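Q: Pasting in a structure now, in structure tokens, and then I'll have a few things to ask.
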Amino acid sequence: MKLKFYGTAAAEGIPAPFCTCKVCEHARAFGGKNIRTRHLSTIDDDIQMDIGPDFFWHTVHNGLDAMRIRHLILTHSHGDHMDKLWINNRAHPYSLTGAQRINLVAGKKVLDVLETSLEKSFEQIAADPVIAVPFERIALDENTFVTAMPARHHRSQNDAMIYLIERGGKKLLYAHDTGLFHQEATDFLAGKDIDAATLDCTGTYLGAGGEHMDFSGCEEMVKRLKANGALKPDAKIIVNHYSHGGGANHDEIDMEAKKRGWYASYDTFEIEI
């Protein structure tokens, strides 16, 4: 199982266009891994996690092959994770040759929001909607299974999910966007022997409220998930989804991650699980 991160920032990106904080100014000055687009990643090149506003950039500059995607999994309906423009553009006449058919996996509220806001139908965008019911295991194909759990995020809509993704004997916990997990999710994951987890670290040093995590929150979740056997003792831990409001540039995030034996994602970072 290969996990590739294309976008690793929160909603405003880094540097945020209307901000001159030290993180944004550092990114403008030094570029490189400090430049971050909005959240998007892939698993084995055929599963895509979210589809944000920077999707087009990744297809032309970072090697994302949109026609290889067979399963699009949405975490929630915030615009930096679910850009309706790009979902709508799967249909004619935006695609003259026709997009490949995909499974569109999300909670019912997300699918309802999407269906009512698109100018095209699910059939026209060549998507088969798959409702992610919390704690119910979904078979995407004979080798791939997804289980959704409620995230602690977007409480006004109550539609955000984190996911356990299983493929070829490997298990990945995909936890964006969320604060500390609900107890029912932590309990559900007990004993799962997960190989890797990518965790919301929006707040890095300074915190980001109860609907995201920072390094201390990630530490707490790793502690809980190792104590109950959810994570293997040698599970790979990746932090992701950073905000400039967390107060840390890439080198600082990387240093903090390495202290803990973790990985700090950046745009185009990939890891084998």
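Ligands are numbered from 1 in the order shown, chains are lettered A, B, ... in the order of the structure tokens, and residues start at 1 in each chain.
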Do you know which residues are at most 10 Å from A:Asp54 counting only C-alpha atoms, after dropping those on the same chain fewer than 4 positions away, and could you put them as a list in words?
A: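 Contacts, in chain order: Tyr6, Gly7, Gly13, Thr37, Arg38, His39, Leu40, His58, Thr59, Asp80, His81, Asp83 and Trp86 of chain A.
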Q: Can I get the selection written as a PDB file, in the first residue's frame, with N, CA and C atoms?
A:
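So result_16.pdb came out as:
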ATOM      1  N   TYR A   6      -0.544  14.841  -1.724  1.00  0.00           N
ATOM      2  CA  TYR A   6      -0.419  15.900  -2.719  1.00  0.00           C
ATOM      3  C   TYR A   6      -0.604  17.276  -2.087  1.00  0.00           C
ATOM      4  N   GLY A   7      -1.589  17.408  -1.206  1.00  0.00           N
ATOM      5  CA  GLY A   7      -1.832  18.662  -0.508  1.00  0.00           C
ATOM      6  C   GLY A   7      -1.820  18.432   0.983  1.00  0.00           C
ATOM      7  N   GLY A  13      -4.214  27.233   2.940  1.00  0.00           N
ATOM      8  CA  GLY A  13      -2.939  26.974   2.290  1.00  0.00           C
ATOM      9  C   GLY A  13      -1.808  27.696   3.012  1.00  0.00           C
ATOM     10  N   THR A  37      -0.332  23.154  -0.487  1.00  0.00           N
ATOM     11  CA  THR A  37      -1.669  23.274  -1.052  1.00  0.00           C
ATOM     12  C   THR A  37      -2.673  22.563  -0.145  1.00  0.00           C
ATOM     13  N   ARG A  38      -3.940  22.675  -0.487  1.00  0.00           N
ATOM     14  CA  ARG A  38      -5.002  22.122   0.354  1.00  0.00           C
ATOM     15  C   ARG A  38      -5.071  20.602   0.260  1.00  0.00           C
ATOM     16  N   HIS A  39      -5.647  20.006   1.274  1.00  0.00           N
ATOM     17  CA  HIS A  39      -5.601  18.570   1.526  1.00  0.00           C
ATOM     18  C   HIS A  39      -6.060  17.715   0.348  1.00  0.00           C
ATOM     19  N   LEU A  40      -5.221  16.740   0.006  1.00  0.00           N
ATOM     20  CA  LEU A  40      -5.565  15.707  -0.982  1.00  0.00           C
ATOM     21  C   LEU A  40      -4.470  14.650  -0.934  1.00  0.00           C
ATOM     22  N   HIS A  58      -2.356  19.601  -9.081  1.00  0.00           N
ATOM     23  CA  HIS A  58      -1.680  18.321  -8.876  1.00  0.00           C
ATOM     24  C   HIS A  58      -1.716  17.454 -10.133  1.00  0.00           C
ATOM     25  N   THR A  59      -2.744  17.614 -10.954  1.00  0.00           N
ATOM     26  CA  THR A  59      -2.810  16.814 -12.181  1.00  0.00           C
ATOM     27  C   THR A  59      -1.816  17.294 -13.223  1.00  0.00           C
ATOM     28  N   ASP A  80     -12.518  22.990   1.254  1.00  0.00           N
ATOM     29  CA  ASP A  80     -11.120  22.642   0.985  1.00  0.00           C
ATOM     30  C   ASP A  80     -10.929  21.136   0.865  1.00  0.00           C
ATOM     31  N   HIS A  81     -11.971  20.362   1.146  1.00  0.00           N
ATOM     32  CA  HIS A  81     -11.919  18.909   1.022  1.00  0.00           C
ATOM     33  C   HIS A  81     -12.884  18.394  -0.050  1.00  0.00           C
ATOM     34  N   ASP A  83     -14.431  20.098  -3.295  1.00  0.00           N
ATOM     35  CA  ASP A  83     -14.662  21.179  -4.248  1.00  0.00           C
ATOM     36  C   ASP A  83     -15.622  20.670  -5.320  1.00  0.00           C
ATOM     37  N   TRP A  86     -14.772  20.528  -9.289  1.00  0.00           N
ATOM     38  CA  TRP A  86     -14.014  19.448  -9.925  1.00  0.00           C
ATOM     39  C   TRP A  86     -14.812  18.160 -10.010  1.00  0.00           C
TER      40      TRP A  86
END
Q: Report as JSON lines the residues of stretch 139-183 of chain A within 12 Å of stretch 100-103 of chain A, each with its shortest atom pair and distance in Å (one decimal), using only C-alpha atoms, ordered by chain and increasing residue number.
A:
{"residue": "A:Ala139", "atom": "CA", "partner": "A:Asn103", "partner_atom": "CA", "distance": 10.7}
{"residue": "A:Leu140", "atom": "CA", "partner": "A:Asn103", "partner_atom": "CA", "distance": 7.6}
{"residue": "A:Asp141", "atom": "CA", "partner": "A:Asn103", "partner_atom": "CA", "distance": 10.1}
{"residue": "A:Val146", "atom": "CA", "partner": "A:Asn103", "partner_atom": "CA", "distance": 11.9}
Q: Which neighbours of A:Phe269 fall inside 12 Å, counting only C-alpha atoms, when residues of the same chain fewer than 6 positions from it are skipped, and could you give them as a PyMOL selection string?
A: chain A and resi 2-8+33+36+40-42+62+238-240+263
Q: Could you write out that same residue set with C-alpha atoms as a PDB file, in the first residue's frame?
A:
ATOM      1  CA  LYS A   2       1.467   3.333  -1.098  1.00  0.00           C
ATOM      2  CA  LEU A   3       0.206   6.574   0.456  1.00  0.00           C
ATOM      3  CA  LYS A   4       1.028   9.796  -1.382  1.00  0.00           C
ATOM      4  CA  PHE A   5       0.263  13.279  -0.065  1.00  0.00           C
ATOM      5  CA  TYR A   6      -0.419  15.900  -2.719  1.00  0.00           C
ATOM      6  CA  GLY A   7      -1.832  18.662  -0.508  1.00  0.00           C
ATOM      7  CA  THR A   8      -0.889  19.016   3.171  1.00  0.00           C
ATOM      8  CA  LYS A  33       8.427  22.055   1.371  1.00  0.00           C
ATOM      9  CA  ARG A  36       1.522  23.745   0.944  1.00  0.00           C
ATOM     10  CA  LEU A  40      -5.565  15.707  -0.982  1.00  0.00           C
ATOM     11  CA  SER A  41      -3.864  12.318  -1.066  1.00  0.00           C
ATOM     12  CA  THR A  42      -3.979   9.009  -2.909  1.00  0.00           C
ATOM     13  CA  ASN A  62       2.617  16.728  -9.459  1.00  0.00           C
ATOM     14  CA  ILE A 238       2.443  10.537   9.754  1.00  0.00           C
ATOM     15  CA  VAL A 239       1.307  14.039  10.700  1.00  0.00           C
ATOM     16  CA  ASN A 240      -0.492  16.128   8.109  1.00  0.00           C
ATOM     17  CA  TYR A 263       6.972  11.292   9.626  1.00  0.00           C
TER      18      TYR A 263
END
Q: In terms of the shortest atom-to-atom distance over only C-alpha atoms, which of A:Gly32, A:Gly179, A:Gly191, A:Gly247 is closest to A:Ala227?
A: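 So, comparing all the options, the nearest one is A:Gly191.
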Q: Go through A:Ile14, A:Val60, A:Ile162, A:Ala196 and flag the residue nearest A:Ala29, using only C-alpha atoms for the distances.
A: A:Ile14
Q: Env of stretch 110-124 of chain A: 9 Å cut, atoms = only C-alpha atoms, seq-sep filter 3 positions within chain, self excluded. Answer as a count of residues only.
A: 24
Q: Which one of A:Glu25, A:Glu166, A:Asp195, A:Asp45 sits closest to A:Glu270 if you count only C-alpha atoms?
A: A:Asp45
Q: Which is closer to A:Met161 than all the others in A:Glu256, A:Asp50, A:Asp267, A:Glu272, using only C-alpha atoms?
A: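 The closest residue to A:Met161 is A:Asp50.
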Q: Neighbours of A:Leu206 within 12 Å (only C-alpha atoms; same-chain residues fewer than 4 positions away dropped), as a ChimeraX atom specification?
A: /A:201-202,212-217,242-248
Q: Output the selection as a PDB file, in the first residue's frame - N, CA, C and O atoms for each residue.
A:
ATOM      1  N   CYS A 201      -2.765  17.309  12.254  1.00  0.00           N
ATOM      2  CA  CYS A 201      -1.868  18.090  13.113  1.00  0.00           C
ATOM      3  C   CYS A 201      -1.982  19.563  12.739  1.00  0.00           C
ATOM      4  O   CYS A 201      -0.984  20.285  12.671  1.00  0.00           O
ATOM      5  N   THR A 202      -3.201  19.997  12.514  1.00  0.00           N
ATOM      6  CA  THR A 202      -3.461  21.363  12.058  1.00  0.00           C
ATOM      7  C   THR A 202      -2.801  22.395  12.950  1.00  0.00           C
ATOM      8  O   THR A 202      -2.217  23.377  12.478  1.00  0.00           O
ATOM      9  N   HIS A 212      -9.720  19.995  15.605  1.00  0.00           N
ATOM     10  CA  HIS A 212      -8.459  19.598  14.989  1.00  0.00           C
ATOM     11  C   HIS A 212      -7.519  19.149  16.103  1.00  0.00           C
ATOM     12  O   HIS A 212      -7.852  19.238  17.287  1.00  0.00           O
ATOM     13  N   MET A 213      -6.320  18.693  15.718  1.00  0.00           N
ATOM     14  CA  MET A 213      -5.316  18.326  16.707  1.00  0.00           C
ATOM     15  C   MET A 213      -4.028  19.093  16.458  1.00  0.00           C
ATOM     16  O   MET A 213      -3.856  19.764  15.443  1.00  0.00           O
ATOM     17  N   ASP A 214      -3.110  18.989  17.414  1.00  0.00           N
ATOM     18  CA  ASP A 214      -1.752  19.496  17.300  1.00  0.00           C
ATOM     19  C   ASP A 214      -0.823  18.365  17.729  1.00  0.00           C
ATOM     20  O   ASP A 214      -1.266  17.217  17.859  1.00  0.00           O
ATOM     21  N   PHE A 215       0.459  18.645  17.954  1.00  0.00           N
ATOM     22  CA  PHE A 215       1.371  17.574  18.337  1.00  0.00           C
ATOM     23  C   PHE A 215       0.957  16.907  19.642  1.00  0.00           C
ATOM     24  O   PHE A 215       1.030  15.684  19.776  1.00  0.00           O
ATOM     25  N   SER A 216       0.505  17.697  20.595  1.00  0.00           N
ATOM     26  CA  SER A 216       0.105  17.091  21.870  1.00  0.00           C
ATOM     27  C   SER A 216      -1.130  16.208  21.702  1.00  0.00           C
ATOM     28  O   SER A 216      -1.229  15.134  22.301  1.00  0.00           O
ATOM     29  N   GLY A 217      -2.072  16.636  20.867  1.00  0.00           N
ATOM     30  CA  GLY A 217      -3.246  15.819  20.606  1.00  0.00           C
ATOM     31  C   GLY A 217      -2.900  14.536  19.866  1.00  0.00           C
ATOM     32  O   GLY A 217      -3.434  13.463  20.178  1.00  0.00           O
ATOM     33  N   TYR A 242      -1.598  20.920   8.004  1.00  0.00           N
ATOM     34  CA  TYR A 242      -1.081  21.965   8.884  1.00  0.00           C
ATOM     35  C   TYR A 242      -1.674  23.333   8.534  1.00  0.00           C
ATOM     36  O   TYR A 242      -1.919  23.644   7.382  1.00  0.00           O
ATOM     37  N   SER A 243      -1.826  24.148   9.567  1.00  0.00           N
ATOM     38  CA  SER A 243      -2.227  25.540   9.395  1.00  0.00           C
ATOM     39  C   SER A 243      -1.070  26.456   9.768  1.00  0.00           C
ATOM     40  O   SER A 243      -0.284  26.138  10.670  1.00  0.00           O
ATOM     41  N   HIS A 244      -0.983  27.592   9.088  1.00  0.00           N
ATOM     42  CA  HIS A 244       0.001  28.598   9.510  1.00  0.00           C
ATOM     43  C   HIS A 244      -0.246  29.051  10.942  1.00  0.00           C
ATOM     44  O   HIS A 244       0.672  29.466  11.641  1.00  0.00           O
ATOM     45  N   GLY A 245      -1.503  28.905  11.392  1.00  0.00           N
ATOM     46  CA  GLY A 245      -1.841  29.285  12.756  1.00  0.00           C
ATOM     47  C   GLY A 245      -1.173  28.430  13.816  1.00  0.00           C
ATOM     48  O   GLY A 245      -1.154  28.789  14.993  1.00  0.00           O
ATOM     49  N   GLY A 246      -0.616  27.280  13.401  1.00  0.00           N
ATOM     50  CA  GLY A 246       0.105  26.435  14.345  1.00  0.00           C
ATOM     51  C   GLY A 246       1.483  26.951  14.694  1.00  0.00           C
ATOM     52  O   GLY A 246       2.115  26.459  15.635  1.00  0.00           O
ATOM     53  N   GLY A 247       1.984  27.907  13.905  1.00  0.00           N
ATOM     54  CA  GLY A 247       3.223  28.584  14.256  1.00  0.00           C
ATOM     55  C   GLY A 247       4.502  27.893  13.858  1.00  0.00           C
ATOM     56  O   GLY A 247       5.574  28.282  14.327  1.00  0.00           O
ATOM     57  N   ALA A 248       4.451  26.872  12.978  1.00  0.00           N
ATOM     58  CA  ALA A 248       5.653  26.107  12.663  1.00  0.00           C
ATOM     59  C   ALA A 248       5.872  26.003  11.160  1.00  0.00           C
ATOM     60  O   ALA A 248       4.933  25.739  10.405  1.00  0.00           O
TER      61      ALA A 248
END
Q: Find the spatial neighbours of A:Val222, counting only C-alpha atoms, within a cut-off of 8 Å - ignore same-chain residues fewer than 4 positions away - and output them as a list in words.
A: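 The contact residues come out as Cys218, Lys226 and Leu231 of chain A.
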Q: Of the candidates A:Ile69, A:Ala175, A:Met149, A:Ile125, which one gets nearest to A:Leu96 if we count only C-alpha atoms?
A: A:Ile125
Q: As an exercise, work out the distance from atom CA of A:His176 to atom CA of A:Asp200 in Å and give it to one decimal place.
A: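 The value is 5.1 Å.
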Q: Could you find all residues in stretch 109-145 of chain A that DSSP calls strand (DSSP E or B) from the backbone, and write them as a list of chain:residue names?
A: A:Ala127, A:Asp128, A:Pro129, A:Val130, A:Ile131, A:Arg137, A:Ile138, A:Ala139, A:Leu140, A:Asp141, A:Thr144, A:Phe145
Q: Print the selection's residues with all heavy atoms to a file, as a CSV table (one decimal), in the first residue's frame.
A:
chain,number,residue,atom,x,y,z
A,127,ALA,N,-20.4,8.5,-11.4
A,127,ALA,CA,-20.1,8.2,-10.0
A,127,ALA,C,-21.2,7.3,-9.4
A,127,ALA,O,-22.4,7.6,-9.6
A,127,ALA,CB,-19.9,9.4,-9.2
A,128,ASP,N,-20.8,6.3,-8.7
A,128,ASP,CA,-21.8,5.4,-8.0
A,128,ASP,C,-21.7,5.8,-6.5
A,128,ASP,O,-20.6,5.5,-5.9
A,128,ASP,CB,-21.4,4.0,-8.2
A,128,ASP,CG,-21.6,3.5,-9.6
A,128,ASP,OD1,-22.6,3.8,-10.2
A,128,ASP,OD2,-20.7,2.8,-10.1
A,129,PRO,N,-22.7,6.5,-6.0
A,129,PRO,CA,-22.6,6.9,-4.6
A,129,PRO,C,-22.6,5.7,-3.6
A,129,PRO,O,-23.4,4.8,-3.8
A,129,PRO,CB,-23.8,7.8,-4.4
A,129,PRO,CG,-24.8,7.4,-5.5
A,129,PRO,CD,-23.9,7.0,-6.6
A,130,VAL,N,-21.7,5.7,-2.7
A,130,VAL,CA,-21.6,4.7,-1.7
A,130,VAL,C,-21.7,5.3,-0.3
A,130,VAL,O,-20.8,6.1,0.1
A,130,VAL,CB,-20.3,3.9,-1.8
A,130,VAL,CG1,-20.2,2.8,-0.7
A,130,VAL,CG2,-20.2,3.3,-3.2
A,131,ILE,N,-22.8,5.1,0.4
A,131,ILE,CA,-23.0,5.7,1.7
A,131,ILE,C,-22.1,5.0,2.8
A,131,ILE,O,-22.2,3.8,3.0
A,131,ILE,CB,-24.5,5.6,2.2
A,131,ILE,CG1,-25.4,6.4,1.2
A,131,ILE,CG2,-24.6,6.2,3.6
A,131,ILE,CD1,-26.8,6.2,1.4
A,137,ARG,N,-18.4,-2.0,7.5
A,137,ARG,CA,-17.3,-2.3,6.6
A,137,ARG,C,-17.8,-2.3,5.2
A,137,ARG,O,-18.7,-3.1,4.9
A,137,ARG,CB,-16.6,-3.5,7.0
A,137,ARG,CG,-15.2,-3.8,6.3
A,137,ARG,CD,-14.6,-5.0,7.1
A,137,ARG,NE,-13.3,-5.3,6.6
A,137,ARG,CZ,-12.9,-6.5,6.0
A,137,ARG,NH1,-13.9,-7.4,5.8
A,137,ARG,NH2,-11.7,-6.7,5.6
A,138,ILE,N,-17.2,-1.6,4.3
A,138,ILE,CA,-17.6,-1.5,2.9
A,138,ILE,C,-16.5,-2.2,2.0
A,138,ILE,O,-15.4,-1.9,2.2
A,138,ILE,CB,-17.8,-0.1,2.4
A,138,ILE,CG1,-18.9,0.7,3.2
A,138,ILE,CG2,-18.1,0.0,0.9
A,138,ILE,CD1,-18.9,2.2,3.0
A,139,ALA,N,-16.9,-3.1,1.1
A,139,ALA,CA,-16.0,-3.7,0.1
A,139,ALA,C,-16.0,-2.8,-1.1
A,139,ALA,O,-17.0,-2.7,-1.8
A,139,ALA,CB,-16.4,-5.1,-0.2
A,140,LEU,N,-14.9,-2.2,-1.4
A,140,LEU,CA,-14.7,-1.4,-2.6
A,140,LEU,C,-14.4,-2.3,-3.8
A,140,LEU,O,-14.8,-2.0,-5.0
A,140,LEU,CB,-13.7,-0.3,-2.5
A,140,LEU,CG,-14.0,0.8,-1.5
A,140,LEU,CD1,-12.9,1.9,-1.5
A,140,LEU,CD2,-15.4,1.4,-1.7
A,141,ASP,N,-13.6,-3.3,-3.5
A,141,ASP,CA,-13.3,-4.4,-4.5
A,141,ASP,C,-12.9,-5.6,-3.7
A,141,ASP,O,-13.0,-5.5,-2.4
A,141,ASP,CB,-12.2,-4.0,-5.5
A,141,ASP,CG,-10.9,-3.6,-4.9
A,141,ASP,OD1,-10.5,-4.3,-3.9
A,141,ASP,OD2,-10.3,-2.6,-5.3
A,144,THR,N,-10.1,-4.6,-1.2
A,144,THR,CA,-10.1,-3.2,-0.5
A,144,THR,C,-11.4,-3.0,0.3
A,144,THR,O,-12.5,-3.2,-0.2
A,144,THR,CB,-10.0,-2.1,-1.6
A,144,THR,OG1,-8.9,-2.4,-2.5
A,144,THR,CG2,-9.8,-0.8,-0.9
A,145,PHE,N,-11.2,-2.6,1.5
A,145,PHE,CA,-12.3,-2.4,2.5
A,145,PHE,C,-12.1,-1.1,3.2
A,145,PHE,O,-11.0,-0.7,3.6
A,145,PHE,CB,-12.4,-3.6,3.5
A,145,PHE,CG,-12.5,-5.0,2.8
A,145,PHE,CD1,-11.4,-5.7,2.5
A,145,PHE,CD2,-13.7,-5.5,2.5
A,145,PHE,CE1,-11.5,-6.9,1.8
A,145,PHE,CE2,-13.8,-6.7,1.8
A,145,PHE,CZ,-12.7,-7.4,1.5
Q: To one decimal in Å, tell me the separation between atom CA of A:Cys21 and atom CA of A:Asn249.
A: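 Spanning atom CA of A:Cys21 to atom CA of A:Asn249 is a straight-line distance of 11.1 Å.
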